[in-house]
Structures are given as C-alpha cells and as structure tokens.
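Visitor: data.pdb is reproduced in full below (PDB, C-alpha atoms and all ligand atoms).
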MODEL        1
ATOM      1  CA  MET O 283      87.402 129.770 120.661  1.00  0.00           C
ATOM      2  CA  PRO O 284      88.621 127.004 118.334  1.00  0.00           C
ATOM      3  CA  ASP O 285      91.649 127.686 116.195  1.00  0.00           C
ATOM      4  CA  PRO O 286      90.143 128.563 112.761  1.00  0.00           C
ATOM      5  CA  THR O 287      92.963 126.726 110.962  1.00  0.00           C
ATOM      6  CA  VAL O 288      91.949 123.386 112.479  1.00  0.00           C
ATOM      7  CA  ALA O 289      88.216 123.925 112.896  1.00  0.00           C
ATOM      8  CA  ASP O 290      87.553 121.597 109.969  1.00  0.00           C
ATOM      9  CA  ALA O 291      89.827 118.815 111.253  1.00  0.00           C
ATOM     10  CA  ALA O 292      87.090 116.173 111.173  1.00  0.00           C
ATOM     11  CA  ALA O 293      86.332 116.989 107.526  1.00  0.00           C
ATOM     12  CA  GLY O 294      89.890 116.152 106.513  1.00  0.00           C
ATOM     13  CA  TRP O 295      91.934 112.972 106.616  1.00  0.00           C
ATOM     14  CA  ALA O 296      93.734 111.748 109.721  1.00  0.00           C
ATOM     15  CA  ASP O 297      97.015 109.823 109.869  1.00  0.00           C
ATOM     16  CA  LEU O 298      97.631 107.784 113.018  1.00  0.00           C
ATOM     17  CA  HIS O 299     101.206 106.787 112.231  1.00  0.00           C
ATOM     18  CA  LEU O 300     104.069 108.981 111.079  1.00  0.00           C
ATOM     19  CA  HIS O 301     107.463 110.178 112.272  1.00  0.00           C
ATOM     20  CA  VAL O 302     106.986 113.929 112.139  1.00  0.00           C
ATOM     21  CA  LEU O 303     108.595 115.114 115.382  1.00  0.00           C
ATOM     22  CA  PRO O 304     112.014 116.721 114.850  1.00  0.00           C
ATOM     23  CA  GLY O 305     115.199 114.924 115.859  1.00  0.00           C
ATOM     24  CA  ILE O 306     113.672 112.304 118.143  1.00  0.00           C
ATOM     25  CA  ASP O 307     113.944 109.181 115.952  1.00  0.00           C
ATOM     26  CA  ASP O 308     114.677 108.337 112.309  1.00  0.00           C
ATOM     27  CA  GLY O 309     111.918 110.694 111.137  1.00  0.00           C
ATOM     28  CA  ALA O 310     111.977 114.458 110.491  1.00  0.00           C
ATOM     29  CA  ARG O 311     115.498 115.786 110.977  1.00  0.00           C
ATOM     30  CA  ASP O 312     114.595 119.256 112.215  1.00  0.00           C
ATOM     31  CA  LEU O 313     111.653 121.616 112.673  1.00  0.00           C
ATOM     32  CA  GLN O 314     111.799 122.740 109.038  1.00  0.00           C
ATOM     33  CA  ALA O 315     111.423 119.136 107.890  1.00  0.00           C
ATOM     34  CA  SER O 316     108.496 118.649 110.307  1.00  0.00           C
ATOM     35  CA  LEU O 317     106.742 121.729 108.930  1.00  0.00           C
ATOM     36  CA  GLU O 318     107.424 120.703 105.330  1.00  0.00           C
ATOM     37  CA  MET O 319     105.890 117.272 105.993  1.00  0.00           C
ATOM     38  CA  CYS O 320     102.828 118.796 107.636  1.00  0.00           C
ATOM     39  CA  ARG O 321     102.388 121.399 104.893  1.00  0.00           C
ATOM     40  CA  GLY O 322     102.582 118.722 102.194  1.00  0.00           C
ATOM     41  CA  LEU O 323     100.107 116.451 103.979  1.00  0.00           C
ATOM     42  CA  ALA O 324      97.730 119.377 104.576  1.00  0.00           C
ATOM     43  CA  ASP O 325      97.846 120.173 100.840  1.00  0.00           C
ATOM     44  CA  LEU O 326      96.782 116.584 100.139  1.00  0.00           C
ATOM     45  CA  GLY O 327      93.777 116.779 102.481  1.00  0.00           C
ATOM     46  CA  TYR O 328      95.089 115.738 105.895  1.00  0.00           C
ATOM     47  CA  ARG O 329      93.962 117.807 108.894  1.00  0.00           C
ATOM     48  CA  ARG O 330      94.906 115.637 111.849  1.00  0.00           C
ATOM     49  CA  LEU O 331      98.220 113.864 112.404  1.00  0.00           C
ATOM     50  CA  ILE O 332      99.320 111.700 115.319  1.00  0.00           C
ATOM     51  CA  ALA O 333     103.099 111.734 115.685  1.00  0.00           C
ATOM     52  CA  THR O 334     104.276 108.231 116.588  1.00  0.00           C
ATOM     53  CA  PRO O 335     108.018 108.170 117.361  1.00  0.00           C
ATOM     54  CA  HIS O 336     109.518 104.707 117.891  1.00  0.00           C
ATOM     55  CA  ALA O 337     109.363 103.375 121.454  1.00  0.00           C
ATOM     56  CA  ASP O 338     111.611 100.499 122.485  1.00  0.00           C
ATOM     57  CA  GLY O 339     114.060  99.584 125.221  1.00  0.00           C
ATOM     58  CA  ARG O 340     117.230 100.217 123.211  1.00  0.00           C
ATOM     59  CA  ARG O 341     117.517 103.471 121.275  1.00  0.00           C
ATOM     60  CA  HIS O 342     114.109 105.016 121.797  1.00  0.00           C
ATOM     61  CA  THR O 343     113.659 105.025 125.549  1.00  0.00           C
ATOM     62  CA  TYR O 344     112.140 108.508 125.969  1.00  0.00           C
ATOM     63  CA  GLY O 345     108.830 108.752 127.778  1.00  0.00           C
ATOM     64  CA  PRO O 346     105.579 110.623 127.108  1.00  0.00           C
ATOM     65  CA  ASP O 347     106.820 113.940 128.572  1.00  0.00           C
ATOM     66  CA  ARG O 348     109.455 114.424 125.870  1.00  0.00           C
ATOM     67  CA  ILE O 349     107.079 113.420 123.067  1.00  0.00           C
ATOM     68  CA  GLN O 350     104.370 115.747 124.356  1.00  0.00           C
ATOM     69  CA  ALA O 351     106.785 118.696 124.713  1.00  0.00           C
ATOM     70  CA  LEU O 352     108.088 118.270 121.142  1.00  0.00           C
ATOM     71  CA  CYS O 353     104.550 117.950 119.821  1.00  0.00           C
ATOM     72  CA  GLY O 354     103.657 121.233 121.537  1.00  0.00           C
ATOM     73  CA  GLU O 355     106.636 122.986 119.924  1.00  0.00           C
ATOM     74  CA  VAL O 356     105.681 121.765 116.454  1.00  0.00           C
ATOM     75  CA  GLN O 357     101.998 122.677 116.963  1.00  0.00           C
ATOM     76  CA  THR O 358     102.999 126.205 117.968  1.00  0.00           C
ATOM     77  CA  ALA O 359     105.078 126.537 114.787  1.00  0.00           C
ATOM     78  CA  LEU O 360     102.240 125.081 112.656  1.00  0.00           C
ATOM     79  CA  THR O 361      99.787 127.623 114.033  1.00  0.00           C
ATOM     80  CA  ALA O 362     102.282 130.466 113.528  1.00  0.00           C
ATOM     81  CA  GLU O 363     102.786 129.403 109.898  1.00  0.00           C
ATOM     82  CA  GLY O 364      99.041 128.980 109.273  1.00  0.00           C
ATOM     83  CA  ILE O 365      99.394 125.282 108.379  1.00  0.00           C
ATOM     84  CA  PRO O 366      95.965 123.714 109.030  1.00  0.00           C
ATOM     85  CA  ILE O 367      97.089 120.632 110.928  1.00  0.00           C
ATOM     86  CA  GLU O 368      96.018 119.512 114.380  1.00  0.00           C
ATOM     87  CA  LEU O 369      98.951 117.532 115.748  1.00  0.00           C
ATOM     88  CA  GLY O 370      98.585 114.895 118.442  1.00  0.00           C
ATOM     89  CA  TRP O 371     101.017 112.321 119.729  1.00  0.00           C
ATOM     90  CA  GLY O 372     101.428 108.680 120.577  1.00  0.00           C
ATOM     91  CA  ALA O 373     104.190 106.154 119.977  1.00  0.00           C
ATOM     92  CA  GLU O 374     105.013 103.210 117.761  1.00  0.00           C
ATOM     93  CA  TYR O 375     105.896 100.388 120.129  1.00  0.00           C
ATOM     94  CA  ALA O 376     108.245  97.635 119.064  1.00  0.00           C
ATOM     95  CA  TYR O 377     107.134  94.291 120.437  1.00  0.00           C
ATOM     96  CA  GLY O 378     109.554  93.573 123.291  1.00  0.00           C
ATOM     97  CA  ASP O 379     110.589  94.370 126.853  1.00  0.00           C
ATOM     98  CA  ARG O 380     109.740  98.081 126.820  1.00  0.00           C
ATOM     99  CA  PHE O 381     106.253  97.345 125.533  1.00  0.00           C
ATOM    100  CA  HIS O 382     105.666  94.753 128.261  1.00  0.00           C
ATOM    101  CA  GLN O 383     107.073  97.070 130.940  1.00  0.00           C
ATOM    102  CA  ASP O 384     104.738  99.910 129.976  1.00  0.00           C
ATOM    103  CA  LEU O 385     101.803  97.521 129.676  1.00  0.00           C
ATOM    104  CA  THR O 386     102.274  96.137 133.152  1.00  0.00           C
ATOM    105  CA  GLY O 387     103.742  99.276 134.764  1.00  0.00           C
ATOM    106  CA  ALA O 388     103.326 102.978 134.077  1.00  0.00           C
ATOM    107  CA  GLY O 389     100.882 102.449 131.245  1.00  0.00           C
ATOM    108  CA  LEU O 390     101.153 102.434 127.473  1.00  0.00           C
ATOM    109  CA  ILE O 391     101.450 105.614 125.445  1.00  0.00           C
ATOM    110  CA  THR O 392      98.206 105.766 123.472  1.00  0.00           C
ATOM    111  CA  LEU O 393      97.330 107.561 120.238  1.00  0.00           C
ATOM    112  CA  GLY O 394      96.064 111.072 121.009  1.00  0.00           C
ATOM    113  CA  ASN O 395      94.891 110.023 124.479  1.00  0.00           C
ATOM    114  CA  SER O 396      92.485 107.498 122.978  1.00  0.00           C
ATOM    115  CA  ARG O 397      92.345 103.831 123.961  1.00  0.00           C
ATOM    116  CA  TYR O 398      94.284 102.806 120.843  1.00  0.00           C
ATOM    117  CA  ILE O 399      97.968 101.877 120.853  1.00  0.00           C
ATOM    118  CA  LEU O 400     100.262 101.287 117.877  1.00  0.00           C
ATOM    119  CA  LEU O 401     102.313  98.108 117.911  1.00  0.00           C
ATOM    120  CA  GLU O 402     104.886  96.841 115.440  1.00  0.00           C
ATOM    121  CA  LEU O 403     105.367  93.052 115.428  1.00  0.00           C
ATOM    122  CA  PRO O 404     108.655  91.209 114.842  1.00  0.00           C
ATOM    123  CA  GLU O 405     109.295  90.818 111.105  1.00  0.00           C
ATOM    124  CA  GLN O 406     111.067  87.446 111.033  1.00  0.00           C
ATOM    125  CA  PHE O 407     108.994  85.298 113.386  1.00  0.00           C
ATOM    126  CA  MET O 408     105.670  85.397 115.189  1.00  0.00           C
ATOM    127  CA  PRO O 409     105.857  84.754 118.934  1.00  0.00           C
ATOM    128  CA  ALA O 410     103.460  81.946 119.887  1.00  0.00           C
ATOM    129  CA  THR O 411     102.236  84.116 122.759  1.00  0.00           C
ATOM    130  CA  MET O 412     100.979  86.881 120.457  1.00  0.00           C
ATOM    131  CA  PRO O 413      97.221  86.102 120.731  1.00  0.00           C
ATOM    132  CA  GLN O 414      97.567  85.999 124.527  1.00  0.00           C
ATOM    133  CA  VAL O 415      99.498  89.292 124.587  1.00  0.00           C
ATOM    134  CA  LEU O 416      96.868  91.019 122.452  1.00  0.00           C
ATOM    135  CA  PHE O 417      94.220  89.646 124.793  1.00  0.00           C
ATOM    136  CA  GLU O 418      96.104  91.105 127.792  1.00  0.00           C
ATOM    137  CA  VAL O 419      96.346  94.477 126.040  1.00  0.00           C
ATOM    138  CA  GLY O 420      92.557  94.384 125.630  1.00  0.00           C
ATOM    139  CA  THR O 421      92.007  93.368 129.240  1.00  0.00           C
ATOM    140  CA  ALA O 422      94.076  96.365 130.361  1.00  0.00           C
ATOM    141  CA  GLY O 423      91.644  98.648 128.508  1.00  0.00           C
ATOM    142  CA  TYR O 424      93.605  99.331 125.333  1.00  0.00           C
ATOM    143  CA  PHE O 425      92.923  98.366 121.739  1.00  0.00           C
ATOM    144  CA  PRO O 426      95.956  97.526 119.592  1.00  0.00           C
ATOM    145  CA  ILE O 427      96.558  98.664 116.030  1.00  0.00           C
ATOM    146  CA  ILE O 428      99.069  96.426 114.261  1.00  0.00           C
ATOM    147  CA  ALA O 429     101.456  98.601 112.248  1.00  0.00           C
ATOM    148  CA  HIS O 430     102.335  97.300 108.765  1.00  0.00           C
ATOM    149  CA  PRO O 431     101.748  93.549 109.350  1.00  0.00           C
ATOM    150  CA  GLU O 432     102.493  93.135 105.626  1.00  0.00           C
ATOM    151  CA  ARG O 433     106.170  93.431 106.598  1.00  0.00           C
ATOM    152  CA  CYS O 434     105.993  90.295 108.787  1.00  0.00           C
ATOM    153  CA  GLU O 435     107.406  87.321 106.916  1.00  0.00           C
ATOM    154  CA  PRO O 436     105.238  84.658 108.636  1.00  0.00           C
ATOM    155  CA  PHE O 437     102.135  86.255 107.105  1.00  0.00           C
ATOM    156  CA  HIS O 438     103.404  86.410 103.515  1.00  0.00           C
ATOM    157  CA  ASP O 439     102.231  82.954 102.532  1.00  0.00           C
ATOM    158  CA  ASN O 440      99.621  82.717 105.273  1.00  0.00           C
ATOM    159  CA  LEU O 441      97.390  85.769 105.620  1.00  0.00           C
ATOM    160  CA  ASP O 442      94.879  83.642 107.536  1.00  0.00           C
ATOM    161  CA  ARG O 443      97.384  83.511 110.375  1.00  0.00           C
ATOM    162  CA  LEU O 444      97.333  87.302 110.600  1.00  0.00           C
ATOM    163  CA  LEU O 445      93.546  87.388 110.398  1.00  0.00           C
ATOM    164  CA  GLN O 446      93.302  84.818 113.186  1.00  0.00           C
ATOM    165  CA  ILE O 447      95.709  86.733 115.422  1.00  0.00           C
ATOM    166  CA  ALA O 448      94.047  90.090 114.758  1.00  0.00           C
ATOM    167  CA  GLY O 449      90.436  88.846 114.627  1.00  0.00           C
ATOM    168  CA  GLY O 450      88.425  90.986 117.059  1.00  0.00           C
ATOM    169  CA  ARG O 451      91.556  91.788 119.075  1.00  0.00           C
ATOM    170  CA  ALA O 452      93.480  94.184 116.850  1.00  0.00           C
ATOM    171  CA  ILE O 453      93.138  96.476 113.856  1.00  0.00           C
ATOM    172  CA  ILE O 454      95.213  96.045 110.722  1.00  0.00           C
ATOM    173  CA  GLN O 455      96.978  99.192 109.530  1.00  0.00           C
ATOM    174  CA  VAL O 456      98.763  99.062 106.173  1.00  0.00           C
ATOM    175  CA  SER O 457     101.560 101.495 105.380  1.00  0.00           C
ATOM    176  CA  PHE O 458     101.947 103.712 102.314  1.00  0.00           C
ATOM    177  CA  ARG O 459     105.633 102.777 102.193  1.00  0.00           C
ATOM    178  CA  SER O 460     104.780  99.098 101.736  1.00  0.00           C
ATOM    179  CA  LEU O 461     102.159  99.953  99.099  1.00  0.00           C
ATOM    180  CA  ALA O 462     104.792 101.972  97.219  1.00  0.00           C
ATOM    181  CA  GLY O 463     107.197  99.035  97.091  1.00  0.00           C
ATOM    182  CA  THR O 464     109.828 100.482  99.453  1.00  0.00           C
ATOM    183  CA  PHE O 465     110.398  97.049 100.991  1.00  0.00           C
ATOM    184  CA  GLY O 466     110.220  94.928  97.846  1.00  0.00           C
ATOM    185  CA  ARG O 467     107.674  93.096  95.761  1.00  0.00           C
ATOM    186  CA  THR O 468     106.439  90.516  98.276  1.00  0.00           C
ATOM    187  CA  ILE O 469     105.627  93.141 100.903  1.00  0.00           C
ATOM    188  CA  LYS O 470     104.032  95.367  98.271  1.00  0.00           C
ATOM    189  CA  LYS O 471     101.863  92.502  97.045  1.00  0.00           C
ATOM    190  CA  THR O 472     100.816  91.545 100.588  1.00  0.00           C
ATOM    191  CA  ALA O 473     100.004  95.185 101.416  1.00  0.00           C
ATOM    192  CA  TRP O 474      97.788  95.619  98.357  1.00  0.00           C
ATOM    193  CA  ARG O 475      96.057  92.321  99.062  1.00  0.00           C
ATOM    194  CA  LEU O 476      95.185  93.451 102.595  1.00  0.00           C
ATOM    195  CA  VAL O 477      93.757  96.680 101.166  1.00  0.00           C
ATOM    196  CA  GLU O 478      91.930  95.211  98.183  1.00  0.00           C
ATOM    197  CA  ASP O 479      90.494  92.241 100.098  1.00  0.00           C
ATOM    198  CA  GLY O 480      89.093  94.628 102.713  1.00  0.00           C
ATOM    199  CA  HIS O 481      91.177  93.476 105.711  1.00  0.00           C
ATOM    200  CA  ALA O 482      92.968  96.796 106.260  1.00  0.00           C
ATOM    201  CA  GLU O 483      90.861  99.166 108.335  1.00  0.00           C
ATOM    202  CA  LEU O 484      93.470 101.915 108.385  1.00  0.00           C
ATOM    203  CA  LEU O 485      96.121 103.325 106.063  1.00  0.00           C
ATOM    204  CA  ALA O 486      99.105 105.189 107.476  1.00  0.00           C
ATOM    205  CA  THR O 487     101.717 107.192 105.617  1.00  0.00           C
ATOM    206  CA  ASP O 488     104.367 106.166 108.201  1.00  0.00           C
ATOM    207  CA  CYS O 489     106.092 109.199 106.654  1.00  0.00           C
ATOM    208  CA  HIS O 490     109.702 109.722 107.811  1.00  0.00           C
ATOM    209  CA  SER O 491     110.803 112.623 105.612  1.00  0.00           C
ATOM    210  CA  PRO O 492     109.329 115.378 103.416  1.00  0.00           C
ATOM    211  CA  LYS O 493     110.949 113.644 100.431  1.00  0.00           C
ATOM    212  CA  GLU O 494     108.457 110.787 100.836  1.00  0.00           C
ATOM    213  CA  LEU O 495     105.550 113.091  99.969  1.00  0.00           C
ATOM    214  CA  LYS O 496     106.488 113.088  96.303  1.00  0.00           C
ATOM    215  CA  LYS O 497     108.126 109.650  96.149  1.00  0.00           C
ATOM    216  CA  ILE O 498     105.572 107.674  98.193  1.00  0.00           C
ATOM    217  CA  VAL O 499     102.485 109.483  99.469  1.00  0.00           C
ATOM    218  CA  ARG O 500     101.304 111.119  96.225  1.00  0.00           C
ATOM    219  CA  PRO O 501     101.755 108.071  93.943  1.00  0.00           C
ATOM    220  CA  VAL O 502     100.143 105.731  96.487  1.00  0.00           C
ATOM    221  CA  LEU O 503      97.146 108.051  96.884  1.00  0.00           C
ATOM    222  CA  LYS O 504      96.781 108.092  93.111  1.00  0.00           C
ATOM    223  CA  ALA O 505      96.831 104.274  92.996  1.00  0.00           C
ATOM    224  CA  LEU O 506      94.377 104.055  95.905  1.00  0.00           C
ATOM    225  CA  HIS O 507      91.916 106.321  94.085  1.00  0.00           C
ATOM    226  CA  ARG O 508      92.129 103.909  91.151  1.00  0.00           C
ATOM    227  CA  LYS O 509      91.821 100.652  93.068  1.00  0.00           C
ATOM    228  CA  VAL O 510      89.551 101.430  96.032  1.00  0.00           C
ATOM    229  CA  SER O 511      86.059 102.948  96.096  1.00  0.00           C
ATOM    230  CA  ALA O 512      85.747 106.577  97.212  1.00  0.00           C
ATOM    231  CA  ASP O 513      83.589 105.479 100.151  1.00  0.00           C
ATOM    232  CA  ARG O 514      86.117 102.904 101.393  1.00  0.00           C
ATOM    233  CA  LEU O 515      88.997 105.352 101.014  1.00  0.00           C
ATOM    234  CA  ASP O 516      87.060 107.950 103.007  1.00  0.00           C
ATOM    235  CA  ARG O 517      86.444 105.318 105.686  1.00  0.00           C
ATOM    236  CA  MET O 518      90.123 104.303 105.980  1.00  0.00           C
ATOM    237  CA  LEU O 519      91.580 107.809 105.783  1.00  0.00           C
ATOM    238  CA  ARG O 520      88.933 109.863 107.565  1.00  0.00           C
ATOM    239  CA  ARG O 521      85.969 108.257 109.309  1.00  0.00           C
ATOM    240  CA  THR O 522      87.743 105.361 111.064  1.00  0.00           C
ATOM    241  CA  PRO O 523      90.763 107.292 112.417  1.00  0.00           C
ATOM    242  CA  HIS O 524      88.607 110.201 113.644  1.00  0.00           C
ATOM    243  CA  ARG O 525      86.235 107.779 115.362  1.00  0.00           C
ATOM    244  CA  MET O 526      89.176 106.047 117.055  1.00  0.00           C
ATOM    245  CA  LEU O 527      90.579 109.330 118.305  1.00  0.00           C
ATOM    246  CA  SER O 528      87.222 110.107 119.905  1.00  0.00           C
ATOM    247  CA  GLU O 529      87.271 106.843 121.897  1.00  0.00           C
ATOM    248  CA  ILE O 530      88.959 107.767 125.140  1.00  0.00           C
ATOM    249  CA  ARG O 531      90.160 105.005 127.429  1.00  0.00           C
TER     250      ARG O 531
HETATM  251 FE    FE N 601     106.563 103.823 111.813  1.00  0.00          FE
ENDMDL
END
Will you turn the file into structure tokens for me?
Ligand SMILES: [Fe+2]

Guide:
Amino acid sequence: MPDPTVADAAAGWADLHLHVLPGIDDGARDLQASLEMCRGLADLGYRRLIATPHADGRRHTYGPDRIQALCGEVQTALTAEGIPIELGWGAEYAYGDRFHQDLTGAGLITLGNSRYILLELPEQFMPATMPQVLFEVGTAGYFPIIAHPERCEPFHDNLDRLLQIAGGRAIIQVSFRSLAGTFGRTIKKTAWRLVEDGHAELLATDCHSPKELKKIVRPVLKALHRKVSADRLDRMLRRTPHRMLSEIR
C-alpha cells in the first residue's frame, strides 16, 4: 500500500538538486536541519526531492552506498514526522577525474535511478573537450543535466556557446541561488536570462540550509510567479522533473 503522505507526489513539485542529507557535504548540518528543509519545501508545494551531495575526487569521495543509507535514514524520519516528501538520491558531479572514473568504470550515480546525471562544469574555463565528453555520456546511456551553467564565466558574454554545447546533448538547470543574487549581479542576470528566454528546462533550489528557505527559495518563487507563466513554471518545477525521474536507464 502506498504511503498516504507521498501518494500525491506527482501532483507536487520536484527538485532534482539540493544538499539535504545530513553531515555528508556542505549542506544540511544534521538530521534536524534536513527535516526543517524538507518541511519548508513541502509547505511550498514540493513533494519529491532528489538529494544530490557533491561527488568529486578530493573531499567528496563517498560512493552510492553511503548516500543511499543516509537517504533511507532521512526518509524514515520524514515518514515518522508526517512530512509529505518522497526523498530520492543522486549526486552532483564536479567535472574532473572522479566523474571520468565513474563514467568509464563502476558507473555514474544517477538521479533517483533514472538515466539522468547532474554535472557541474568548471566556472573559470570551458574545456575544449566538453562537447565530446557530453557525447560520451550519452553514448554510455546517460543524459546529463548541467547544474547552474549561469555560474560559468565563459558563458556570461556568450550564451550561444552554452546553447551549442548543451544543444540536444544536455539539459540546462538554473539554480534558485543564482536567481536570488547569491553570486553577484552578472550571474543573477545570466540566470534570469536563461529562464526568461526559455533555455532553462529545470529550476533547482540547490538548497544547502534551512535558512535559505526564507532568504532564497521564497523570494525567488515570488519573482518567478511574476515573470514566468503559470504553465511554464509548472513545466519546470513539476512536469519535466517527474517525467525525467520516470525515465529509467
Ligand atoms: Fe549543488
């Protein structure tokens, strides 16, 4: 029998990128913070969250077993507290050695067991091999989502470069933190342009702490309601992420 608290998951919003697992990266500090984040997001209309702790070859070297175990602990606590969130897991890969190792070795950690993976590109330069790498990711049966490309300097005065790299090979996901201005005016402007010009297919809170609910998530949602049609917002926050989660590799 389905859990009645999450039975309406598909009717609510889904976030494919946030740091909600306790004590694993620079996200939620402890279980209380995890639950506070989930409760706040549920109040706003979210029903499905995919925890995406950082994955790289330096500080965040844990594998899928640890992420899955933590996710299970938080889901148990969510159910016990009656918080209507279905929690899944994935990872936010940094472009680099660890990403390449997983791609060519044990396999990439995907979002909620779908075929989608979350990849963060270097912010200062764009490797010339990027189109080829995205092609290889596709050949291996995955589909990449580019996390907050608005934070990549090479795209700031050349959005066409991003659109060429992503075109048909990757999905553009803009972050609430960029839209709120957390990283300065240029990134904020680029983020809003990607949303308003229709290039962003997904929006992610990339939430790291319950404090961001009031400081970032609520004000950005308010601005989105003002600037984007209700249908487009529903597509970016609900229909598209749920569809992606249903596409198993
Ligand atoms: Fe992130």

Visitor: On this structure, which residues satisfy the PyMOL selection byres (((chain O and resi 441-446) around 9) and not hetatm), written as a ChimeraX atom specification?

Guide: /O:413,431-432,436-440,447-450,454,472,476,481

Visitor: Which residues are near Ala292 (chain O)? Cut-off 8 Å, all atoms listed in the file, ignore same chain within fewer than 2 positions. Put them as a PyMOL selection string.

Guide: chain O and resi 290+294-295+329-330+520+524

Visitor: Starting from the displayed file, determine the output of the PyMOL selection byres (((chain O and resi 377) around 7) and not hetatm) and express the residue list as a list in words.

Guide: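 Checked against the file, the PyMOL selection byres (((chain O and resi 377) around 7) and not hetatm) matches Tyr375, Ala376, Gly378, Phe381, Leu401, Glu402, Leu403 and Pro404 of chain O.
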
Visitor: Could you pull the residues within 12 Å of Glu368 (chain O), counting only C-alpha atoms, minus those fewer than 5 positions along the same chain, as a ChimeraX atom specification?

Guide: /O:284-292,294-298,320-321,323-324,328-333,353-354,356-361,394,524

Visitor: Taking into account all atoms listed in the file, which residue in the set O:Ser511, O:Thr468, O:Ser457, O:Asn395 is nearest to Val499 (chain O)?

Guide: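 Among the listed residues, the smallest separation from Val499 (chain O) belongs to O:Ser457.
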
Visitor: Could you list the residues chosen by the PyMOL selection byres (((chain O and resi 336) around 8) and not hetatm) in this structure as number ranges by chain?

Guide: O: 307, 334-335, 337-338, 342, 373-376

Visitor: Which residue, O:Ala452, O:Ala473, O:Phe407, O:His301, has the smallest gap to Glu435 (chain O) when you use only C-alpha atoms?

Guide: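 So, comparing all the options, the nearest one is O:Phe407.
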
Visitor: Could you tell me how far CA of Arg341 (chain O) sits from CA of Gly389 (chain O), in Å to one decimal place?

Guide: 19.4 Å

Visitor: Reconstruct N, CA, C and O atoms of region 465-480 of chain O; output as a short mmCIF file (atom, residue, chain, number, x, y, z; two decimals), in the frame of the given file.

Guide:
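out.cif, freshly written:
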data_model
loop_
_atom_site.label_atom_id
_atom_site.label_comp_id
_atom_site.auth_asym_id
_atom_site.auth_seq_id
_atom_site.Cartn_x
_atom_site.Cartn_y
_atom_site.Cartn_z
N PHE O 465 109.79 98.23 100.37
CA PHE O 465 110.40 97.05 100.99
C PHE O 465 110.37 95.82 100.08
O PHE O 465 110.47 94.69 100.55
N GLY O 466 110.17 96.04 98.80
CA GLY O 466 110.22 94.93 97.85
C GLY O 466 108.85 94.45 97.40
O GLY O 466 107.82 94.88 97.91
N ARG O 467 108.90 93.52 96.44
CA ARG O 467 107.67 93.10 95.76
C ARG O 467 106.73 92.27 96.63
O ARG O 467 105.52 92.42 96.56
N THR O 468 107.31 91.38 97.46
CA THR O 468 106.44 90.52 98.28
C THR O 468 105.63 91.35 99.27
O THR O 468 104.42 91.14 99.43
N ILE O 469 106.32 92.30 99.91
CA ILE O 469 105.63 93.14 100.90
C ILE O 469 104.59 94.03 100.20
O ILE O 469 103.47 94.21 100.69
N LYS O 470 104.97 94.53 99.03
CA LYS O 470 104.03 95.37 98.27
C LYS O 470 102.77 94.57 97.91
O LYS O 470 101.64 95.03 98.10
N LYS O 471 102.99 93.35 97.44
CA LYS O 471 101.86 92.50 97.04
C LYS O 471 100.96 92.19 98.25
O LYS O 471 99.73 92.27 98.17
N THR O 472 101.59 91.85 99.37
CA THR O 472 100.82 91.54 100.59
C THR O 472 100.02 92.77 101.05
O THR O 472 98.85 92.66 101.43
N ALA O 473 100.67 93.95 100.98
CA ALA O 473 100.00 95.18 101.42
C ALA O 473 98.76 95.46 100.56
O ALA O 473 97.68 95.74 101.08
N TRP O 474 98.93 95.34 99.24
CA TRP O 474 97.79 95.62 98.36
C TRP O 474 96.69 94.59 98.55
O TRP O 474 95.51 94.90 98.46
N ARG O 475 97.07 93.35 98.83
CA ARG O 475 96.06 92.32 99.06
C ARG O 475 95.23 92.65 100.31
O ARG O 475 94.00 92.53 100.31
N LEU O 476 95.91 93.09 101.36
CA LEU O 476 95.18 93.45 102.60
C LEU O 476 94.21 94.61 102.34
O LEU O 476 93.11 94.64 102.89
N VAL O 477 94.63 95.54 101.48
CA VAL O 477 93.76 96.68 101.17
C VAL O 477 92.62 96.24 100.26
O VAL O 477 91.44 96.48 100.55
N GLU O 478 92.96 95.54 99.18
CA GLU O 478 91.93 95.21 98.18
C GLU O 478 90.95 94.15 98.67
O GLU O 478 89.80 94.11 98.24
N ASP O 479 91.40 93.26 99.55
CA ASP O 479 90.49 92.24 100.10
C ASP O 479 89.68 92.76 101.28
O ASP O 479 88.90 92.02 101.89
N GLY O 480 89.92 94.02 101.66
CA GLY O 480 89.09 94.63 102.71
C GLY O 480 89.53 94.34 104.14
O GLY O 480 88.79 94.62 105.09
#
